[in-house]
Amino acid sequence: MAVNGRHAPHSPRESTLSATLSAPTVPPGTVAARRRTRARAAGLGAGLLLLVTVVVLSVAVGARQLTPVEVWQGLFGTASPEHAVVQQMRLPRTLLGLLAGAALGVAGALMQALTRNPLADPGLLGINAGASAAVATATALFGVATVRGWIWFALLGAVAVTVAVHAVGGGRQATPERLALAGAALNAVLYSYVSAMMLLDSAALDRLRFWTVGSLATADFTTVGTVAPFILVGLLVGLAGARPLNALALGDDAARALGARPALVRAGTVTAVTLLCGAATAACGPIVFVGLLVPHLVRALTGPDLRWLLPYAAVLAPVLLLGADVLGRVLGRPGELQVGLVTAVLGGPLFLRLVARR
């Protein structure tokens, strides 16, 4: 449908973004615009403080409760009895939670922006399932049992499923609805395959039984060092694409007029999502709802502008993931509940409530 000779946006979200980019209600130099920018910056600062709080809790809370003094001694006092607990177990676990949370949150926001689908998520579109299927294959058929080996298979599986979803969803004629349906179908098939591989191979079952539900419990500095380069590169590529993705939401023609290259933007976004999801899944297993829920919550604070949405998601997604991990340790004492179970239990009702309110 055309309005005054121009194509109308395809959704309310595009209408909002179009107003933000092409005809802003408030000129950028006005007092109101500066106040809005300061409010967003203040909100991001508050998010960083919340993240620091959750990081401290992640290091201090567990099967053994540590006081702030004991945490400090564990970090810097090699002779203290808390050193092994903090340095070898909780610190790498916390660092992995920071990296994986940021990866999942930013990947979810990128997928929703690229497909113009608020339900898009690396899990719903099958990307995490592809990485999981590749890791299960590597474990059962090739005996791979370390993150260094898994990560290459996970990246390959993520790429393969991304291409398959796009092809099954219609290629260049793909719509958000068809992509979601294709992703859901491949998701079901791939997780069935993972379950079959584990049932048929008892050794693979032993190695993967905690990984398949999503866990930070086996984290160490080797795991953190292996996945960190992939996640950091993915974050940089994703954040660099914020402005051109904003333009792409107006349509390919408008994006070209604003100086963006649609094909290059899509390729860069898919590359970023593949790196983020492949690395996070290889290290932690398939963790659900983080990439779906956090961008929805953040969008209520920042609007659709990805220049703010992506940094917010990179800060608040680790808050959710580490908070769920801490909660699992508290509720499961003297053992613990896997973080993937906690995010699924918390994320489902929260997302349903969010949808119902809208």
# chains A, B, ... in the order shown; residues from 1 in each chain; ligands from 1
call {"tool": "residues_around", "arguments": {"residues": "stretch 322-326 of chain A", "least_positions_apart": "3", "cutoff": "6 Å", "atoms": "only C-alpha atoms", "output": "PyMOL selection string"}}
result
chain A and resi 58+97+318-319+329+339+342
call {"tool": "write_last_selection", "arguments": {"atoms": "N, CA, C and O atoms", "output": "mmCIF file, in the first residue's frame"}}
result
data_model
loop_
_atom_site.group_PDB
_atom_site.id
_atom_site.type_symbol
_atom_site.label_atom_id
_atom_site.label_comp_id
_atom_site.auth_asym_id
_atom_site.auth_seq_id
_atom_site.Cartn_x
_atom_site.Cartn_y
_atom_site.Cartn_z
ATOM 1 N N SER A 58 27.608 -13.514 42.282
ATOM 2 C CA SER A 58 28.019 -14.746 41.626
ATOM 3 C C SER A 58 29.311 -15.295 42.212
ATOM 4 O O SER A 58 29.493 -16.505 42.293
ATOM 5 N N GLY A 97 29.653 -16.485 32.352
ATOM 6 C CA GLY A 97 28.289 -15.980 32.374
ATOM 7 C C GLY A 97 28.183 -14.590 31.768
ATOM 8 O O GLY A 97 27.225 -14.281 31.049
ATOM 9 N N PRO A 318 23.580 -10.432 30.633
ATOM 10 C CA PRO A 318 24.374 -11.097 31.667
ATOM 11 C C PRO A 318 23.776 -10.983 33.060
ATOM 12 O O PRO A 318 23.964 -11.878 33.895
ATOM 13 N N VAL A 319 23.060 -9.879 33.339
ATOM 14 C CA VAL A 319 22.380 -9.759 34.636
ATOM 15 C C VAL A 319 21.371 -10.889 34.795
ATOM 16 O O VAL A 319 21.302 -11.545 35.843
ATOM 17 N N ARG A 329 21.891 -21.880 42.320
ATOM 18 C CA ARG A 329 22.773 -22.362 43.396
ATOM 19 C C ARG A 329 22.081 -22.278 44.755
ATOM 20 O O ARG A 329 22.273 -23.148 45.609
ATOM 21 N N VAL A 339 21.578 -23.576 35.102
ATOM 22 C CA VAL A 339 21.095 -22.249 34.734
ATOM 23 C C VAL A 339 20.085 -22.315 33.586
ATOM 24 O O VAL A 339 19.156 -21.504 33.507
ATOM 25 N N VAL A 342 16.692 -22.843 35.077
ATOM 26 C CA VAL A 342 16.182 -21.646 35.769
ATOM 27 C C VAL A 342 15.702 -20.607 34.764
ATOM 28 O O VAL A 342 14.631 -20.012 34.930
#
call {"tool": "residues_around", "arguments": {"residues": "A:Val265", "least_positions_apart": "5", "cutoff": "7 Å", "atoms": "only C-alpha atoms", "output": "PyMOL selection string"}}
result
chain A and resi 241+244-245
call {"tool": "residues_around", "arguments": {"residues": "A:Leu276", "least_positions_apart": "2", "cutoff": "10 Å", "atoms": "only C-alpha atoms", "output": "ChimeraX atom specification"}}
result
/A:99-108,122,155,158,227-228,230-235,238,270-274,278-281
call {"tool": "write_last_selection", "arguments": {"atoms": "N, CA, C and O atoms", "output": "CSV table (one decimal), in the first residue's frame"}}
result
chain,number,residue,atom,x,y,z
A,99,LEU,N,30.2,-13.3,29.4
A,99,LEU,CA,30.4,-13.4,28.0
A,99,LEU,C,29.2,-14.1,27.3
A,99,LEU,O,28.7,-13.5,26.3
A,100,ALA,N,28.7,-15.2,27.8
A,100,ALA,CA,27.6,-15.9,27.2
A,100,ALA,C,26.3,-15.0,27.3
A,100,ALA,O,25.5,-15.0,26.3
A,101,GLY,N,26.1,-14.4,28.4
A,101,GLY,CA,24.9,-13.5,28.5
A,101,GLY,C,24.9,-12.4,27.5
A,101,GLY,O,23.9,-12.1,26.8
A,102,ALA,N,26.0,-11.7,27.4
A,102,ALA,CA,26.1,-10.6,26.4
A,102,ALA,C,25.9,-11.2,25.0
A,102,ALA,O,25.3,-10.5,24.1
A,103,ALA,N,26.5,-12.3,24.7
A,103,ALA,CA,26.4,-12.9,23.4
A,103,ALA,C,24.9,-13.2,23.0
A,103,ALA,O,24.4,-12.9,21.9
A,104,LEU,N,24.2,-13.9,24.0
A,104,LEU,CA,22.8,-14.3,23.7
A,104,LEU,C,21.9,-13.0,23.6
A,104,LEU,O,21.0,-13.0,22.8
A,105,GLY,N,22.1,-12.0,24.5
A,105,GLY,CA,21.3,-10.9,24.4
A,105,GLY,C,21.4,-10.1,23.1
A,105,GLY,O,20.5,-9.7,22.5
A,106,VAL,N,22.7,-9.8,22.7
A,106,VAL,CA,22.9,-9.1,21.5
A,106,VAL,C,22.5,-9.9,20.3
A,106,VAL,O,21.9,-9.3,19.3
A,107,ALA,N,22.7,-11.2,20.3
A,107,ALA,CA,22.3,-12.0,19.2
A,107,ALA,C,20.8,-12.0,19.0
A,107,ALA,O,20.3,-11.9,17.9
A,108,GLY,N,20.1,-12.1,20.1
A,108,GLY,CA,18.6,-12.0,20.0
A,108,GLY,C,18.1,-10.7,19.4
A,108,GLY,O,17.2,-10.6,18.6
A,122,PRO,N,17.7,-16.7,18.4
A,122,PRO,CA,18.6,-17.8,18.0
A,122,PRO,C,18.0,-19.1,18.3
A,122,PRO,O,18.2,-20.1,17.6
A,155,LEU,N,30.1,-23.7,15.5
A,155,LEU,CA,30.0,-22.6,14.5
A,155,LEU,C,29.5,-23.1,13.2
A,155,LEU,O,28.7,-22.5,12.5
A,158,ALA,N,25.8,-23.8,13.4
A,158,ALA,CA,25.0,-22.6,13.5
A,158,ALA,C,24.9,-22.0,12.0
A,158,ALA,O,23.8,-21.6,11.6
A,227,VAL,N,36.4,-19.2,24.1
A,227,VAL,CA,35.3,-18.6,23.5
A,227,VAL,C,35.3,-17.1,23.5
A,227,VAL,O,34.6,-16.5,22.7
A,228,ALA,N,36.2,-16.5,24.3
A,228,ALA,CA,36.2,-15.0,24.4
A,228,ALA,C,36.5,-14.3,23.1
A,228,ALA,O,35.8,-13.4,22.7
A,230,PHE,N,35.9,-15.2,20.0
A,230,PHE,CA,34.7,-15.3,19.1
A,230,PHE,C,33.6,-14.4,19.5
A,230,PHE,O,33.0,-13.7,18.7
A,231,ILE,N,33.3,-14.4,20.8
A,231,ILE,CA,32.2,-13.6,21.3
A,231,ILE,C,32.6,-12.1,21.2
A,231,ILE,O,31.7,-11.3,20.8
A,232,LEU,N,33.8,-11.7,21.5
A,232,LEU,CA,34.2,-10.3,21.4
A,232,LEU,C,34.1,-9.8,20.0
A,232,LEU,O,33.7,-8.7,19.7
A,233,VAL,N,34.6,-10.6,19.0
A,233,VAL,CA,34.5,-10.2,17.6
A,233,VAL,C,33.0,-10.1,17.2
A,233,VAL,O,32.6,-9.2,16.5
A,234,GLY,N,32.2,-11.1,17.6
A,234,GLY,CA,30.8,-11.0,17.3
A,234,GLY,C,30.1,-9.8,17.9
A,234,GLY,O,29.3,-9.2,17.2
A,235,LEU,N,30.5,-9.4,19.1
A,235,LEU,CA,29.9,-8.2,19.7
A,235,LEU,C,30.3,-7.0,19.0
A,235,LEU,O,29.5,-6.1,18.7
A,238,GLY,N,28.4,-6.9,15.7
A,238,GLY,CA,27.0,-6.5,15.9
A,238,GLY,C,26.8,-5.1,16.3
A,238,GLY,O,25.9,-4.4,15.7
A,270,VAL,N,24.4,-11.7,10.1
A,270,VAL,CA,24.4,-13.2,10.2
A,270,VAL,C,25.8,-13.7,10.8
A,270,VAL,O,25.8,-14.6,11.6
A,271,THR,N,26.9,-13.1,10.3
A,271,THR,CA,28.2,-13.5,10.8
A,271,THR,C,28.3,-13.2,12.3
A,271,THR,O,28.8,-14.1,13.1
A,272,ALA,N,27.8,-12.1,12.8
A,272,ALA,CA,27.9,-11.8,14.2
A,272,ALA,C,27.0,-12.8,15.0
A,272,ALA,O,27.5,-13.3,16.1
A,273,VAL,N,25.8,-13.0,14.6
A,273,VAL,CA,24.9,-14.0,15.3
A,273,VAL,C,25.5,-15.4,15.3
A,273,VAL,O,25.5,-16.0,16.4
A,274,THR,N,26.1,-15.8,14.2
A,274,THR,CA,26.8,-17.1,14.2
A,274,THR,C,27.9,-17.2,15.2
A,274,THR,O,28.0,-18.2,15.9
A,278,GLY,N,27.2,-19.6,18.3
A,278,GLY,CA,28.1,-20.8,18.2
A,278,GLY,C,29.0,-20.9,19.4
A,278,GLY,O,29.1,-21.9,20.1
A,279,ALA,N,29.7,-19.8,19.8
A,279,ALA,CA,30.6,-19.8,20.9
A,279,ALA,C,29.9,-20.0,22.2
A,279,ALA,O,30.3,-20.8,23.1
A,280,ALA,N,28.7,-19.3,22.4
A,280,ALA,CA,28.0,-19.4,23.7
A,280,ALA,C,27.4,-20.8,23.9
A,280,ALA,O,27.5,-21.4,25.0
A,281,THR,N,26.9,-21.4,22.8
A,281,THR,CA,26.4,-22.8,22.9
A,281,THR,C,27.4,-23.8,23.1
A,281,THR,O,27.3,-24.7,23.9
call {"tool": "atom_distance", "arguments": {"atom1": "atom CA of A:Ser202", "atom2": "atom CA of A:Ala134"}}
result
17.4 Å
call {"tool": "closest_residue", "arguments": {"among": "A:Gly130, A:Gly291, A:Gly340, A:Gly143", "to": "A:Ala317", "atoms": "only C-alpha atoms"}}
result
A:Gly291
call {"tool": "closest_residue", "arguments": {"among": "A:Ala131, A:Val165, A:Val52, A:Ala63", "to": "A:Thr115", "atoms": "only C-alpha atoms"}}
result
A:Val165
call {"tool": "atom_distance", "arguments": {"atom1": "atom CA of A:Val147", "atom2": "atom CA of A:Gly285"}}
result
10.5 Å
call {"tool": "atom_distance", "arguments": {"atom1": "atom CA of A:Leu75", "atom2": "atom CA of A:Gly45"}}
result
25.4 Å
